[in-house]
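**Q** One structure follows; several queries about it will come next.
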Amino acid sequence: MKSWLKNMAWKAIYQYVFALAHSDKDSVFYFKDWIKKPGVAINSCNDGIRPVIFKLTRLDSKAQTDDFYKE
């Protein structure tokens, strides 16, 4: 995958990822009328020619960063 494509995808979803990571576990994230499940966000890429839909789900497990930062 091209790096600019990954950058554009991250640009489209990073606000939602941040909000899900810091939201209350039992509260609905946004637009309580069509997404009723806590910890879920639906987002789309802003490219109208090649649209991509993202379903973001908050995980309650703790991230294992020890192996990630090893050289």
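Chains: A, B, ... in order of the structure tokens. Residues: from 1 per chain. Ligands: from 1, in order shown.
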Within 9 Å of region 42-47 of chain A, counting only C-alpha atoms, which residues qualify if same-chain residues fewer than 6 places away don't, as a list in words?

**A**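 My list of contacting residues is Met8, Ala9, Lys11, Ala12, Ile13, Tyr16, Ile35, Ile53, Phe54, Lys55, Leu56 and Thr57 of chain A.
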
**Q** Could you save the residues just selected, with N, CA, C and O atoms, as a PDB file, in the first residue's frame?

**A**
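Below is the file result.pdb, written as the result:
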```pdb
ATOM      1  N   MET A   8      -3.635   9.373   4.138  1.00  0.00           N
ATOM      2  CA  MET A   8      -4.965   9.936   3.904  1.00  0.00           C
ATOM      3  C   MET A   8      -6.027   9.186   4.707  1.00  0.00           C
ATOM      4  O   MET A   8      -6.962   9.787   5.232  1.00  0.00           O
ATOM      5  N   ALA A   9      -5.883   7.869   4.814  1.00  0.00           N
ATOM      6  CA  ALA A   9      -6.832   7.087   5.611  1.00  0.00           C
ATOM      7  C   ALA A   9      -6.735   7.487   7.083  1.00  0.00           C
ATOM      8  O   ALA A   9      -7.753   7.668   7.754  1.00  0.00           O
ATOM      9  N   LYS A  11      -5.718  10.325   8.257  1.00  0.00           N
ATOM     10  CA  LYS A  11      -6.253  11.687   8.372  1.00  0.00           C
ATOM     11  C   LYS A  11      -7.778  11.672   8.474  1.00  0.00           C
ATOM     12  O   LYS A  11      -8.369  12.498   9.156  1.00  0.00           O
ATOM     13  N   ALA A  12      -8.414  10.715   7.813  1.00  0.00           N
ATOM     14  CA  ALA A  12      -9.872  10.626   7.833  1.00  0.00           C
ATOM     15  C   ALA A  12     -10.400  10.060   9.146  1.00  0.00           C
ATOM     16  O   ALA A  12     -11.514  10.385   9.548  1.00  0.00           O
ATOM     17  N   ILE A  13      -9.614   9.225   9.843  1.00  0.00           N
ATOM     18  CA  ILE A  13     -10.161   8.547  11.020  1.00  0.00           C
ATOM     19  C   ILE A  13      -9.529   8.936  12.347  1.00  0.00           C
ATOM     20  O   ILE A  13     -10.043   8.557  13.395  1.00  0.00           O
ATOM     21  N   TYR A  16     -11.731  10.216  15.237  1.00  0.00           N
ATOM     22  CA  TYR A  16     -12.636   9.208  15.767  1.00  0.00           C
ATOM     23  C   TYR A  16     -11.890   8.212  16.651  1.00  0.00           C
ATOM     24  O   TYR A  16     -12.402   7.776  17.677  1.00  0.00           O
ATOM     25  N   ILE A  35     -26.296   5.005  15.460  1.00  0.00           N
ATOM     26  CA  ILE A  35     -25.304   4.106  16.041  1.00  0.00           C
ATOM     27  C   ILE A  35     -25.613   4.047  17.528  1.00  0.00           C
ATOM     28  O   ILE A  35     -25.397   5.008  18.245  1.00  0.00           O
ATOM     29  N   ILE A  53     -15.312   2.973   3.583  1.00  0.00           N
ATOM     30  CA  ILE A  53     -16.048   3.110   4.837  1.00  0.00           C
ATOM     31  C   ILE A  53     -15.262   2.385   5.920  1.00  0.00           C
ATOM     32  O   ILE A  53     -14.818   1.250   5.729  1.00  0.00           O
ATOM     33  N   PHE A  54     -15.094   3.039   7.069  1.00  0.00           N
ATOM     34  CA  PHE A  54     -14.371   2.460   8.195  1.00  0.00           C
ATOM     35  C   PHE A  54     -15.352   2.200   9.331  1.00  0.00           C
ATOM     36  O   PHE A  54     -16.161   3.056   9.662  1.00  0.00           O
ATOM     37  N   LYS A  55     -15.271   1.024   9.918  1.00  0.00           N
ATOM     38  CA  LYS A  55     -15.983   0.738  11.158  1.00  0.00           C
ATOM     39  C   LYS A  55     -14.919   0.612  12.231  1.00  0.00           C
ATOM     40  O   LYS A  55     -14.095  -0.303  12.213  1.00  0.00           O
ATOM     41  N   LEU A  56     -14.924   1.552  13.160  1.00  0.00           N
ATOM     42  CA  LEU A  56     -13.942   1.573  14.233  1.00  0.00           C
ATOM     43  C   LEU A  56     -14.587   1.021  15.491  1.00  0.00           C
ATOM     44  O   LEU A  56     -15.684   1.431  15.861  1.00  0.00           O
ATOM     45  N   THR A  57     -13.909   0.110  16.151  1.00  0.00           N
ATOM     46  CA  THR A  57     -14.416  -0.503  17.373  1.00  0.00           C
ATOM     47  C   THR A  57     -13.362  -0.371  18.464  1.00  0.00           C
ATOM     48  O   THR A  57     -12.202  -0.732  18.261  1.00  0.00           O
TER      49      THR A  57
END
```

**Q** Excluding region 60-62 of chain A and its own-chain neighbours fewer than 5 positions away, which residues fall within 10 Å of it when counting only C-alpha atoms? Please give them as a PyMOL selection string.

**A** chain A and resi 21+25+39

**Q** As a PyMOL selection string, please: the residues near Asp24 (chain A) (cut-off 12 Å, only C-alpha atoms, same-chain neighbours under 2 positions excluded).

**A** chain A and resi 19-22+26-30+38-40+58+60
